[in-house]
file upload22.txt (compact mmCIF, C-alpha atoms)
# COMPACT_ATOMS: atom_id res chain seq x y z
CA MET V 154 47.58 68.08 12.84
CA ARG V 155 45.42 66.33 10.28
CA LEU V 156 47.77 63.29 10.22
CA LYS V 157 47.75 63.11 14.02
CA HIS V 158 43.95 63.18 14.04
CA ILE V 159 43.78 60.35 11.50
CA ILE V 160 46.23 58.24 13.51
CA ALA V 161 44.30 58.88 16.73
CA SER V 162 41.03 57.85 15.06
CA LEU V 163 42.61 54.63 13.77
CA ILE V 164 43.87 53.79 17.27
CA ILE V 165 40.40 54.36 18.69
CA LEU V 166 38.87 52.05 16.08
CA ILE V 167 41.47 49.33 16.63
CA LEU V 168 41.00 49.40 20.39
CA GLY V 169 37.22 49.35 20.03
CA LEU V 170 36.71 52.69 21.83
CA PRO V 171 33.86 55.10 21.07
CA MET V 172 34.88 57.79 18.61
CA ASP V 173 34.07 60.52 21.16
CA GLY V 174 36.54 59.01 23.64
CA ALA V 175 33.83 58.16 26.22
CA GLU V 176 33.84 54.82 28.02
CA TYR V 177 31.36 52.17 27.02
CA LYS V 178 28.47 51.78 29.44
CA ARG V 179 27.53 48.49 31.07
CA GLU V 180 23.89 49.59 31.27
CA ILE V 181 22.14 51.29 28.36
CA THR V 182 18.61 52.68 28.19
CA VAL V 183 16.62 52.87 24.97
CA ALA V 184 13.45 54.97 24.86
CA PRO V 185 11.45 56.02 21.79
CA ASP V 186 10.54 59.31 23.47
CA GLY V 187 14.18 60.37 23.78
CA SER V 188 14.44 59.99 27.55
CA GLY V 189 17.16 57.31 27.35
CA ASP V 190 20.64 56.99 25.87
CA TYR V 191 19.22 56.05 22.45
CA THR V 192 15.85 56.16 20.71
CA THR V 193 16.28 52.95 18.65
CA LEU V 194 17.66 49.52 19.39
CA THR V 195 19.78 49.66 16.23
CA ASP V 196 21.53 52.81 17.43
CA ALA V 197 22.03 51.29 20.88
CA LEU V 198 24.03 48.43 19.35
CA GLU V 199 26.67 50.98 18.35
CA GLY V 200 27.23 51.70 22.02
CA ILE V 201 28.24 48.11 22.82
CA ARG V 202 31.88 47.15 22.63
CA ALA V 203 32.78 44.33 20.24
CA TYR V 204 33.73 40.95 21.72
CA MET V 205 33.61 42.23 25.30
CA ASP V 206 34.22 39.89 28.24
CA TYR V 207 31.77 41.63 30.60
CA ARG V 208 27.97 41.73 30.55
CA VAL V 209 25.94 44.67 29.27
CA THR V 210 22.26 45.26 29.98
CA VAL V 211 20.16 47.12 27.42
CA ASN V 212 16.90 48.33 28.98
CA LEU V 213 14.08 48.97 26.51
CA ARG V 214 11.43 51.30 27.86
CA PRO V 215 7.80 50.76 26.79
CA GLY V 216 6.98 51.50 23.20
CA VAL V 217 6.78 50.01 19.73
CA TYR V 218 10.21 49.86 18.11
CA ARG V 219 9.47 49.81 14.39
CA GLU V 220 12.81 48.64 13.08
CA LYS V 221 14.48 45.67 11.43
CA VAL V 222 17.32 44.67 13.75
CA VAL V 223 20.49 42.65 13.20
CA ILE V 224 22.55 41.82 16.29
CA PRO V 225 25.93 41.06 14.70
CA SER V 226 28.32 38.26 15.60
CA TRP V 227 30.75 40.57 17.37
CA ILE V 228 28.14 41.48 20.03
CA GLU V 229 28.21 39.01 22.93
CA ASN V 230 27.28 38.88 26.63
CA VAL V 231 24.29 41.22 26.29
CA GLU V 232 20.88 41.12 27.93
CA PHE V 233 18.02 43.00 26.26
CA VAL V 234 15.31 43.70 28.84
CA GLY V 235 11.89 45.16 28.12
CA ALA V 236 9.35 46.48 30.61
CA ASP V 237 7.02 43.58 29.78
CA ALA V 238 5.96 41.64 26.71
CA ASP V 239 2.74 43.63 26.25
CA SER V 240 4.27 47.10 26.30
CA THR V 241 7.71 46.57 24.72
CA VAL V 242 7.38 45.48 21.09
CA ILE V 243 9.91 45.22 18.25
CA SER V 244 7.94 45.13 15.01
CA TRP V 245 8.58 44.91 11.27
CA GLY V 246 6.60 43.59 8.30
CA ASP V 247 8.75 42.02 5.59
CA TYR V 248 7.57 38.85 3.84
CA ALA V 249 8.99 36.37 1.35
CA SER V 250 7.19 37.51 -1.79
CA LEU V 251 7.99 41.18 -1.20
CA ASP V 252 10.47 42.06 -3.97
CA ASN V 253 11.44 38.36 -4.12
CA MET V 254 12.94 38.69 -0.65
CA GLY V 255 12.76 34.99 0.22
CA THR V 256 12.07 33.56 3.67
CA PHE V 257 15.45 34.15 5.29
CA ARG V 258 15.55 37.91 4.76
CA THR V 259 12.12 38.58 6.23
CA TYR V 260 13.14 38.63 9.91
CA THR V 261 12.24 41.40 12.32
CA VAL V 262 15.16 40.53 14.62
CA LYS V 263 18.17 38.47 13.53
CA VAL V 264 20.58 37.34 16.24
CA GLU V 265 24.05 36.41 14.99
CA GLY V 266 25.91 36.95 18.29
CA CYS V 267 26.36 34.42 21.10
CA ASP V 268 25.57 34.53 24.84
CA ILE V 269 22.61 36.86 24.41
CA THR V 270 19.41 37.03 26.48
CA PHE V 271 16.06 38.62 25.68
CA ARG V 272 13.63 39.22 28.51
CA ASN V 273 10.14 40.70 28.89
CA LEU V 274 9.51 41.85 25.33
CA THR V 275 7.71 40.98 22.09
CA ILE V 276 9.18 40.39 18.65
CA GLU V 277 6.60 40.39 15.88
CA ASN V 278 6.30 40.21 12.13
CA SER V 279 3.33 42.39 11.26
CA ALA V 280 3.01 41.38 7.59
CA GLY V 281 -0.14 39.31 8.15
CA GLU V 282 -1.07 36.09 6.35
CA VAL V 283 0.97 36.68 3.20
CA GLY V 284 3.20 33.61 3.27
CA GLN V 285 6.56 33.19 4.98
CA ALA V 286 7.31 36.07 7.32
CA VAL V 287 9.86 35.51 10.11
CA ALA V 288 9.75 37.42 13.39
CA LEU V 289 12.85 35.94 15.09
CA HIS V 290 15.82 34.51 13.17
CA THR V 291 18.68 33.10 15.24
CA GLU V 292 22.16 32.05 14.14
CA GLY V 293 24.11 32.53 17.38
CA ASP V 294 24.79 29.98 20.11
CA ARG V 295 23.79 30.04 23.79
CA LEU V 296 20.74 32.26 23.40
CA LYS V 297 18.04 32.68 26.05
CA PHE V 298 14.52 34.06 25.75
CA ASP V 299 12.67 34.62 29.00
CA ASN V 300 9.04 35.73 29.25
CA CYS V 301 8.97 36.87 25.61
CA SER V 302 6.27 36.77 22.94
CA PHE V 303 6.82 35.94 19.28
CA ARG V 304 3.93 36.93 17.04
CA GLY V 305 3.40 36.19 13.39
CA ASN V 306 1.86 33.71 11.01
CA GLN V 307 3.87 31.38 8.79
CA ASP V 308 7.49 30.75 9.92
CA THR V 309 7.35 32.94 13.04
CA VAL V 310 10.53 31.61 14.69
CA PHE V 311 13.49 30.33 12.67
CA THR V 312 16.20 28.70 14.77
CA GLY V 313 19.12 28.70 12.35
CA GLY V 314 22.68 27.69 13.10
CA ARG V 315 23.48 23.97 12.96
CA GLY V 316 24.38 22.85 16.47
CA SER V 317 23.46 26.17 18.10
CA ARG V 318 21.63 26.03 21.44
CA LEU V 319 18.60 28.02 22.57
CA LEU V 320 16.44 28.15 25.69
CA PHE V 321 12.90 29.56 25.62
CA ASP V 322 11.44 29.97 29.11
CA ASN V 323 7.83 30.97 29.76
CA CYS V 324 7.37 32.33 26.23
CA TYR V 325 4.34 32.75 23.98
CA ILE V 326 4.75 31.72 20.33
CA GLU V 327 1.98 31.98 17.76
CA GLY V 328 1.63 31.22 14.09
CA THR V 329 -0.08 29.34 11.30
CA THR V 330 2.27 27.00 9.42
CA ASP V 331 5.68 25.67 10.59
CA TYR V 332 5.88 28.52 13.05
CA ILE V 333 8.85 26.98 14.83
CA PHE V 334 11.40 25.66 12.32
CA GLY V 335 15.11 25.10 11.77
CA PRO V 336 18.16 22.98 12.68
CA SER V 337 19.05 24.21 16.20
CA THR V 338 18.89 22.39 19.51
CA ALA V 339 16.19 24.27 21.43
CA LEU V 340 14.39 23.68 24.72
CA PHE V 341 10.96 25.29 25.02
CA ARG V 342 10.07 25.19 28.72
CA ASP V 343 6.68 26.26 30.13
CA CYS V 344 5.76 27.97 26.85
CA THR V 345 2.40 28.53 25.14
CA LEU V 346 2.28 27.46 21.48
CA HIS V 347 -0.78 29.01 19.84
CA SER V 348 -1.98 27.79 16.43
CA LYS V 349 -3.93 30.33 14.39
CA ARG V 350 -4.85 27.99 11.53
CA ASN V 351 -5.12 24.29 10.71
CA SER V 352 -1.55 23.34 9.84
CA TYR V 353 1.72 22.33 11.55
CA ILE V 354 3.45 23.64 14.68
CA THR V 355 7.05 22.55 14.06
CA ALA V 356 9.24 21.84 11.04
CA ALA V 357 12.63 20.81 12.39
CA SER V 358 15.59 20.31 10.07
CA THR V 359 17.90 18.75 12.66
CA PRO V 360 21.12 17.36 11.13
CA ASP V 361 21.76 13.65 11.59
CA THR V 362 24.93 14.54 13.57
CA VAL V 363 22.95 16.41 16.27
CA MET V 364 21.39 14.29 19.02
CA THR V 365 18.45 16.54 19.89
CA GLY V 366 16.48 19.15 17.97
CA TYR V 367 13.36 20.58 19.61
CA VAL V 368 12.10 19.68 23.07
CA MET V 369 8.77 21.10 24.21
CA TYR V 370 8.65 20.59 27.98
CA ARG V 371 5.58 21.40 30.11
CA CYS V 372 4.18 23.49 27.26
CA ARG V 373 0.55 24.38 26.62
CA LEU V 374 -0.80 23.92 23.09
CA THR V 375 -3.73 26.23 22.31
CA ALA V 376 -5.59 27.33 19.20
CA ALA V 377 -7.79 30.07 17.79
CA ASP V 378 -11.52 29.53 17.47
CA GLY V 379 -12.41 27.12 14.66
CA VAL V 380 -8.94 25.58 14.47
CA ASP V 381 -9.31 21.80 14.81
CA LYS V 382 -6.65 20.02 12.74
CA VAL V 383 -3.09 20.82 13.76
CA TYR V 384 -0.09 18.46 13.60
CA LEU V 385 2.69 18.52 16.19
CA GLY V 386 5.28 18.56 13.45
CA ARG V 387 6.51 17.54 10.04
CA PRO V 388 10.13 16.91 8.99
CA TRP V 389 11.58 19.77 6.99
CA ARG V 390 14.65 17.54 6.63
CA PRO V 391 14.82 13.73 7.03
CA TYR V 392 16.42 13.61 10.51
CA ALA V 393 14.09 16.12 12.14
CA SER V 394 14.09 15.73 15.93
CA THR V 395 11.12 16.96 18.01
CA TYR V 396 9.78 15.75 21.36
CA PHE V 397 6.82 16.85 23.47
CA ILE V 398 7.18 16.05 27.18
CA ASP V 399 4.49 16.65 29.84
CA CYS V 400 2.60 19.00 27.53
CA GLU V 401 -1.06 19.97 27.68
CA MET V 402 -2.59 19.53 24.23
CA GLY V 403 -5.88 21.07 23.18
CA GLY V 404 -8.44 19.27 21.04
CA HIS V 405 -7.06 20.92 17.89
CA ILE V 406 -4.18 18.41 17.80
CA VAL V 407 -4.99 15.62 15.33
CA ALA V 408 -5.02 12.05 16.61
CA ALA V 409 -2.16 11.01 14.32
CA GLY V 410 0.02 13.69 15.86
CA TRP V 411 2.74 13.78 13.20
CA HIS V 412 2.98 14.17 9.41
CA ASN V 413 5.63 12.75 7.06
CA TRP V 414 5.58 15.75 4.66
CA ARG V 415 4.18 13.51 1.92
CA ASN V 416 7.35 11.38 1.95
CA PRO V 417 7.16 7.89 3.53
CA ASP V 418 10.97 7.71 3.62
CA ASN V 419 10.94 10.41 6.31
CA GLU V 420 9.21 7.92 8.60
CA LYS V 421 12.44 5.88 8.70
CA THR V 422 14.65 8.75 9.86
CA ALA V 423 12.59 11.41 11.65
CA ARG V 424 12.99 11.40 15.43
CA TYR V 425 9.61 12.21 16.95
CA GLY V 426 8.18 11.30 20.31
CA GLU V 427 6.06 12.14 23.35
CA TYR V 428 5.83 11.50 27.05
CA GLY V 429 3.18 12.54 29.52
CA SER V 430 0.93 14.30 27.01
CA HIS V 431 -2.43 15.24 28.49
CA GLY V 432 -5.56 17.05 27.42
CA ALA V 433 -8.06 16.52 24.62
CA GLY V 434 -5.34 16.30 21.96
CA ALA V 435 -3.32 13.60 23.69
CA GLU V 436 -4.73 10.64 21.77
CA LYS V 437 -1.81 8.29 22.33
CA ALA V 438 -3.48 5.19 20.88
CA ASP V 439 -3.99 6.82 17.49
CA ARG V 440 -0.52 8.35 17.04
CA VAL V 441 1.47 7.34 13.96
CA GLY V 442 3.42 4.13 14.46
CA TRP V 443 6.75 5.69 13.49
CA ALA V 444 6.76 8.12 16.44
CA THR V 445 8.23 7.06 19.79
CA ALA V 446 6.49 6.70 23.12
CA LEU V 447 9.33 7.82 25.40
CA SER V 448 10.17 6.02 28.61
CA PRO V 449 10.37 8.00 31.89
CA SER V 450 14.16 7.89 31.80
CA GLU V 451 14.28 9.08 28.18
CA ALA V 452 11.89 11.92 28.99
CA ALA V 453 13.99 12.96 31.99
CA ARG V 454 17.15 12.99 29.88
CA LEU V 455 15.61 14.98 27.01
CA SER V 456 14.17 17.64 29.33
CA ASP V 457 17.46 18.20 31.17
CA PRO V 458 19.47 21.16 29.79
CA ALA V 459 22.65 19.65 31.22
CA VAL V 460 22.13 16.71 28.86
CA ILE V 461 20.78 18.15 25.63
CA PHE V 462 22.93 21.30 25.59
CA THR V 463 26.20 19.54 26.38
CA SER V 464 25.61 16.94 23.68
CA ALA V 465 25.13 19.57 20.97
CA PRO V 466 28.27 20.54 19.04
CA GLY V 467 28.25 24.18 20.19
CA CYS V 468 31.38 26.28 20.37
CA MET V 469 31.76 25.94 24.16
CA HIS V 470 30.30 24.28 27.25
CA TRP V 471 26.91 25.75 28.24
CA VAL V 472 24.36 24.77 30.86
CA PRO V 473 21.99 27.71 31.40
call {"tool": "encode", "arguments": {"input": "upload22.txt", "output": "structure tokens"}}
result
Amino acid sequence: MRLKHIIASLIILILGLPMDGAEYKREITVAPDGSGDYTTLTDALEGIRAYMDYRVTVNLRPGVYREKVVIPSWIENVEFVGADADSTVISWGDYASLDNMGTFRTYTVKVEGCDITFRNLTIENSAGEVGQAVALHTEGDRLKFDNCSFRGNQDTVFTGGRGSRLLFDNCYIEGTTDYIFGPSTALFRDCTLHSKRNSYITAASTPDTVMTGYVMYRCRLTAADGVDKVYLGRPWRPYASTYFIDCEMGGHIVAAGWHNWRNPDNEKTARYGEYGSHGAGAEKADRVGWATALSPSEAARLSDPAVIFTSAPGCMHWVP
């Protein structure tokens, strides 16, 4: 009987079935108070079948989920839906100098899987102003974030994964230094980018083989009281690509707009530009000479997901 039980368990594992023999659900509820299927997001991930070809919705009821979450590469086609960004919060507080952790282990949520959507929730790093402390770390491709908030200080959102593609719709992102950084192709559409200190908003590291890095389209750039010297971006790597299109810029944006990260050679390779900037920070005449003033046709092309996401070397066709 023992041998038969072992064989049956191995078959269940190979087929990807739950150990209790129950069928996987296509809709899962997570609630900290115990009223759902699971009390933590981490536990809920165990109830999702690996490499499934159907969509699963994970509903997160209001509450603060104090956990460090990794969504592994074998989880795909999942939508994580909160009640709203104010009441549904995933929070953790690691930071780079904690036990020599380094920047890339400090995430609150790390997304390695593909075809994943987050909606109506907040991801925050609660460490405070203690150096690099990532809230969201992405590695997967074809990721969507809709009506989400990302709260932190330095390095709030890291878009990892060379050639991966991300869409941020109607999101709020705050931070101090380089609070949006990495090599991915990402469209930020109708988002609020809130600077909490005089520093830099973006630090793209776009590879030279990728046509487009960051595109901020119809975004609103705001700042905390007393903040009055913020750059649109600086190149973390030489071929950094970042464009602001039809964005409202507060007076905290410096007239020069862009910074070369103390390396004049970056001015020859970085791909920076604007179109349709408006507001007190849109001082076009005083922008650095090595940034591009986009034409209407270039701006239309760069703000079109069908263009920028199909030109990126992702693992399959994707137009969200």
call {"tool": "closest_residue", "arguments": {"input": "upload22.txt", "among": "V:Arg208, V:Arg440, V:Lys263, V:His412", "to": "V:Glu220", "atoms": "only C-alpha atoms"}}
result
V:Lys263
call {"tool": "closest_atom_pairs", "arguments": {"input": "upload22.txt", "of": "stretch 352-402 of chain V", "to": "stretch 310-316 of chain V", "cutoff": "12 Å", "atoms": "only C-alpha atoms", "output": "JSON lines"}}
result
{"residue": "V:Ile354", "atom": "CA", "partner": "V:Val310", "partner_atom": "CA", "distance": 10.7}
{"residue": "V:Thr355", "atom": "CA", "partner": "V:Val310", "partner_atom": "CA", "distance": 9.7}
{"residue": "V:Ala356", "atom": "CA", "partner": "V:Phe311", "partner_atom": "CA", "distance": 9.6}
{"residue": "V:Ala357", "atom": "CA", "partner": "V:Thr312", "partner_atom": "CA", "distance": 9.0}
{"residue": "V:Ser358", "atom": "CA", "partner": "V:Arg315", "partner_atom": "CA", "distance": 9.2}
{"residue": "V:Thr359", "atom": "CA", "partner": "V:Arg315", "partner_atom": "CA", "distance": 7.6}
{"residue": "V:Pro360", "atom": "CA", "partner": "V:Arg315", "partner_atom": "CA", "distance": 7.3}
{"residue": "V:Asp361", "atom": "CA", "partner": "V:Arg315", "partner_atom": "CA", "distance": 10.6}
{"residue": "V:Thr362", "atom": "CA", "partner": "V:Gly316", "partner_atom": "CA", "distance": 8.8}
{"residue": "V:Val363", "atom": "CA", "partner": "V:Gly316", "partner_atom": "CA", "distance": 6.6}
{"residue": "V:Met364", "atom": "CA", "partner": "V:Gly316", "partner_atom": "CA", "distance": 9.4}
{"residue": "V:Thr365", "atom": "CA", "partner": "V:Gly316", "partner_atom": "CA", "distance": 9.3}
{"residue": "V:Gly366", "atom": "CA", "partner": "V:Gly316", "partner_atom": "CA", "distance": 8.9}
{"residue": "V:Tyr367", "atom": "CA", "partner": "V:Thr312", "partner_atom": "CA", "distance": 9.9}
call {"tool": "closest_residue", "arguments": {"input": "upload22.txt", "among": "V:Asn306, V:Ser250, V:Asn416, V:Thr330", "to": "V:Leu385", "atoms": "all atoms listed in the file"}}
result
V:Thr330
call {"tool": "atom_distance", "arguments": {"input": "upload22.txt", "atom1": "atom CA of V:Pro225", "atom2": "atom CA of V:Phe298"}}
result
17.4 Å
call {"tool": "atom_distance", "arguments": {"input": "upload22.txt", "atom1": "atom CA of V:Cys372", "atom2": "atom CA of V:Cys324"}}
result
9.5 Å
call {"tool": "axis_aligned_box", "arguments": {"input": "upload22.txt", "around": "stretch 186-191 of chain V", "padding_each_side": "6 Å", "output": "AutoDock Vina command-line options"}}
result
--center_x 15.6 --center_y 58.2 --center_z 25.0 --size_x 22.1 --size_y 16.3 --size_z 17.1
call {"tool": "residues_around", "arguments": {"input": "upload22.txt", "residues": "V:Asn419", "least_positions_apart": "2", "cutoff": "9 Å", "atoms": "only C-alpha atoms", "output": "PyMOL selection string"}}
result
chain V and resi 388+390-393+413-417+421-423
call {"tool": "write_last_selection", "arguments": {"input": "upload22.txt", "atoms": "C-alpha atoms", "output": "compact mmCIF listing (two decimals), in the frame of the given file"}}
result
# COMPACT_ATOMS: atom_id res chain seq x y z
CA PRO V 388 10.13 16.91 8.99
CA ARG V 390 14.65 17.54 6.63
CA PRO V 391 14.82 13.73 7.03
CA TYR V 392 16.42 13.61 10.51
CA ALA V 393 14.09 16.12 12.14
CA ASN V 413 5.63 12.75 7.06
CA TRP V 414 5.58 15.75 4.66
CA ARG V 415 4.18 13.51 1.92
CA ASN V 416 7.35 11.38 1.95
CA PRO V 417 7.16 7.89 3.53
CA LYS V 421 12.44 5.88 8.70
CA THR V 422 14.65 8.75 9.86
CA ALA V 423 12.59 11.41 11.65
call {"tool": "atom_distance", "arguments": {"input": "upload22.txt", "atom1": "atom CA of V:Asp247", "atom2": "atom CA of V:Asp378"}}
result
26.6 Å
call {"tool": "residues_near_point", "arguments": {"input": "upload22.txt", "point": "(20.0, 42.4, 14.5)", "cutoff": "9 Å", "atoms": "only C-alpha atoms", "output": "list of chain:residue names"}}
result
V:Leu194, V:Thr195, V:Leu198, V:Lys221, V:Val222, V:Val223, V:Ile224, V:Pro225, V:Thr261, V:Val262, V:Lys263, V:Val264, V:Glu265, V:Gly266
call {"tool": "residues_around", "arguments": {"input": "upload22.txt", "residues": "V:Tyr384", "least_positions_apart": "2", "cutoff": "10 Å", "atoms": "all atoms listed in the file", "output": "number ranges by chain"}}
result
V: 330-331, 348, 351-355, 381-382, 386-387, 405-412
call {"tool": "write_last_selection", "arguments": {"input": "upload22.txt", "atoms": "C-alpha atoms", "output": "compact mmCIF listing (two decimals), keeping the file's coordinate frame"}}
result
# COMPACT_ATOMS: atom_id res chain seq x y z
CA THR V 330 2.27 27.00 9.42
CA ASP V 331 5.68 25.67 10.59
CA SER V 348 -1.98 27.79 16.43
CA ASN V 351 -5.12 24.29 10.71
CA SER V 352 -1.55 23.34 9.84
CA TYR V 353 1.72 22.33 11.55
CA ILE V 354 3.45 23.64 14.68
CA THR V 355 7.05 22.55 14.06
CA ASP V 381 -9.31 21.80 14.81
CA LYS V 382 -6.65 20.02 12.74
CA GLY V 386 5.28 18.56 13.45
CA ARG V 387 6.51 17.54 10.04
CA HIS V 405 -7.06 20.92 17.89
CA ILE V 406 -4.18 18.41 17.80
CA VAL V 407 -4.99 15.62 15.33
CA ALA V 408 -5.02 12.05 16.61
CA ALA V 409 -2.16 11.01 14.32
CA GLY V 410 0.02 13.69 15.86
CA TRP V 411 2.74 13.78 13.20
CA HIS V 412 2.98 14.17 9.41
call {"tool": "residues_around", "arguments": {"input": "upload22.txt", "residues": "V:His347", "least_positions_apart": "2", "cutoff": "7 Å", "atoms": "only C-alpha atoms", "output": "ChimeraX atom specification"}}
result
/V:326-328,345,349,374-376
call {"tool": "closest_residue", "arguments": {"input": "upload22.txt", "among": "V:Pro458, V:Pro449, V:Gly404, V:Gly216", "to": "V:Glu427", "atoms": "only C-alpha atoms"}}
result
V:Pro449
call {"tool": "residues_around", "arguments": {"input": "upload22.txt", "residues": "V:Tyr248", "least_positions_apart": "6", "cutoff": "8 Å", "atoms": "all atoms listed in the file", "output": "CSV table (one decimal) with C-alpha atoms, in the coordinates of the input"}}
result
chain,number,residue,atom,x,y,z
V,254,MET,CA,12.9,38.7,-0.6
V,255,GLY,CA,12.8,35.0,0.2
V,256,THR,CA,12.1,33.6,3.7
V,259,THR,CA,12.1,38.6,6.2
V,280,ALA,CA,3.0,41.4,7.6
V,283,VAL,CA,1.0,36.7,3.2
V,284,GLY,CA,3.2,33.6,3.3
V,285,GLN,CA,6.6,33.2,5.0
V,286,ALA,CA,7.3,36.1,7.3
V,287,VAL,CA,9.9,35.5,10.1
call {"tool": "residues_near_point", "arguments": {"input": "upload22.txt", "point": "(18.3, 50.8, 26.5)", "cutoff": "6 Å", "atoms": "all atoms listed in the file", "output": "JSON, numbers by chain"}}
result
{"V": [181, 182, 183, 211, 212, 213]}
call {"tool": "residues_around", "arguments": {"input": "upload22.txt", "residues": "stretch 233-244 of chain V", "least_positions_apart": "4", "cutoff": "8 Å", "atoms": "only C-alpha atoms", "output": "ChimeraX atom specification"}}
result
/V:210-221,261-262,269-279,300-302
call {"tool": "closest_residue", "arguments": {"input": "upload22.txt", "among": "V:Phe462, V:Trp471, V:Phe397, V:Trp245", "to": "V:Ala435", "atoms": "all atoms listed in the file"}}
result
V:Phe397
call {"tool": "closest_residue", "arguments": {"input": "upload22.txt", "among": "V:Ser448, V:Ser226, V:Ser394, V:Ser337", "to": "V:Glu420", "atoms": "only C-alpha atoms"}}
result
V:Ser394
call {"tool": "closest_residue", "arguments": {"input": "upload22.txt", "among": "V:Asp268, V:Ala288, V:Met369, V:Gly246", "to": "V:Tyr425", "atoms": "all atoms listed in the file"}}
result
V:Met369
call {"tool": "decode", "arguments": {"input": "upload22.txt", "residues": "stretch 277-288 of chain V", "atoms": "N, CA, C and O atoms", "output": "PDB file, in the first residue's frame"}}
result
ATOM      1  N   GLU V 277       4.168  48.279  -2.008  1.00  0.00           N
ATOM      2  CA  GLU V 277       5.036  49.275  -1.381  1.00  0.00           C
ATOM      3  C   GLU V 277       6.254  48.635  -0.729  1.00  0.00           C
ATOM      4  O   GLU V 277       6.211  47.481  -0.294  1.00  0.00           O
ATOM      5  N   ASN V 278       7.342  49.415  -0.706  1.00  0.00           N
ATOM      6  CA  ASN V 278       8.480  49.082   0.128  1.00  0.00           C
ATOM      7  C   ASN V 278       8.461  50.077   1.278  1.00  0.00           C
ATOM      8  O   ASN V 278       8.578  51.288   1.073  1.00  0.00           O
ATOM      9  N   SER V 279       8.312  49.566   2.489  1.00  0.00           N
ATOM     10  CA  SER V 279       8.100  50.413   3.658  1.00  0.00           C
ATOM     11  C   SER V 279       9.387  50.759   4.402  1.00  0.00           C
ATOM     12  O   SER V 279       9.332  51.279   5.519  1.00  0.00           O
ATOM     13  N   ALA V 280      10.543  50.491   3.799  1.00  0.00           N
ATOM     14  CA  ALA V 280      11.812  50.663   4.504  1.00  0.00           C
ATOM     15  C   ALA V 280      12.120  52.114   4.855  1.00  0.00           C
ATOM     16  O   ALA V 280      12.865  52.389   5.782  1.00  0.00           O
ATOM     17  N   GLY V 281      11.563  53.064   4.094  1.00  0.00           N
ATOM     18  CA  GLY V 281      11.878  54.471   4.314  1.00  0.00           C
ATOM     19  C   GLY V 281      13.099  54.894   3.510  1.00  0.00           C
ATOM     20  O   GLY V 281      13.567  54.181   2.625  1.00  0.00           O
ATOM     21  N   GLU V 282      13.626  56.071   3.810  1.00  0.00           N
ATOM     22  CA  GLU V 282      14.761  56.610   3.061  1.00  0.00           C
ATOM     23  C   GLU V 282      16.070  56.051   3.627  1.00  0.00           C
ATOM     24  O   GLU V 282      16.791  56.708   4.369  1.00  0.00           O
ATOM     25  N   VAL V 283      16.349  54.818   3.229  1.00  0.00           N
ATOM     26  CA  VAL V 283      17.551  54.119   3.720  1.00  0.00           C
ATOM     27  C   VAL V 283      18.389  53.600   2.548  1.00  0.00           C
ATOM     28  O   VAL V 283      19.142  52.644   2.690  1.00  0.00           O
ATOM     29  N   GLY V 284      18.248  54.229   1.390  1.00  0.00           N
ATOM     30  CA  GLY V 284      18.957  53.757   0.207  1.00  0.00           C
ATOM     31  C   GLY V 284      18.049  52.942  -0.690  1.00  0.00           C
ATOM     32  O   GLY V 284      16.815  53.033  -0.627  1.00  0.00           O
ATOM     33  N   GLN V 285      18.648  52.118  -1.527  1.00  0.00           N
ATOM     34  CA  GLN V 285      17.882  51.340  -2.507  1.00  0.00           C
ATOM     35  C   GLN V 285      16.928  50.374  -1.809  1.00  0.00           C
ATOM     36  O   GLN V 285      17.332  49.606  -0.934  1.00  0.00           O
ATOM     37  N   ALA V 286      15.670  50.434  -2.226  1.00  0.00           N
ATOM     38  CA  ALA V 286      14.639  49.591  -1.623  1.00  0.00           C
ATOM     39  C   ALA V 286      13.505  49.436  -2.634  1.00  0.00           C
ATOM     40  O   ALA V 286      12.670  50.320  -2.786  1.00  0.00           O
ATOM     41  N   VAL V 287      13.485  48.309  -3.334  1.00  0.00           N
ATOM     42  CA  VAL V 287      12.569  48.093  -4.458  1.00  0.00           C
ATOM     43  C   VAL V 287      11.205  47.629  -3.956  1.00  0.00           C
ATOM     44  O   VAL V 287      11.103  46.773  -3.075  1.00  0.00           O
ATOM     45  N   ALA V 288      10.154  48.189  -4.534  1.00  0.00           N
ATOM     46  CA  ALA V 288       8.794  47.703  -4.261  1.00  0.00           C
ATOM     47  C   ALA V 288       8.416  46.631  -5.287  1.00  0.00           C
ATOM     48  O   ALA V 288       8.103  45.504  -4.933  1.00  0.00           O
TER      49      ALA V 288
END
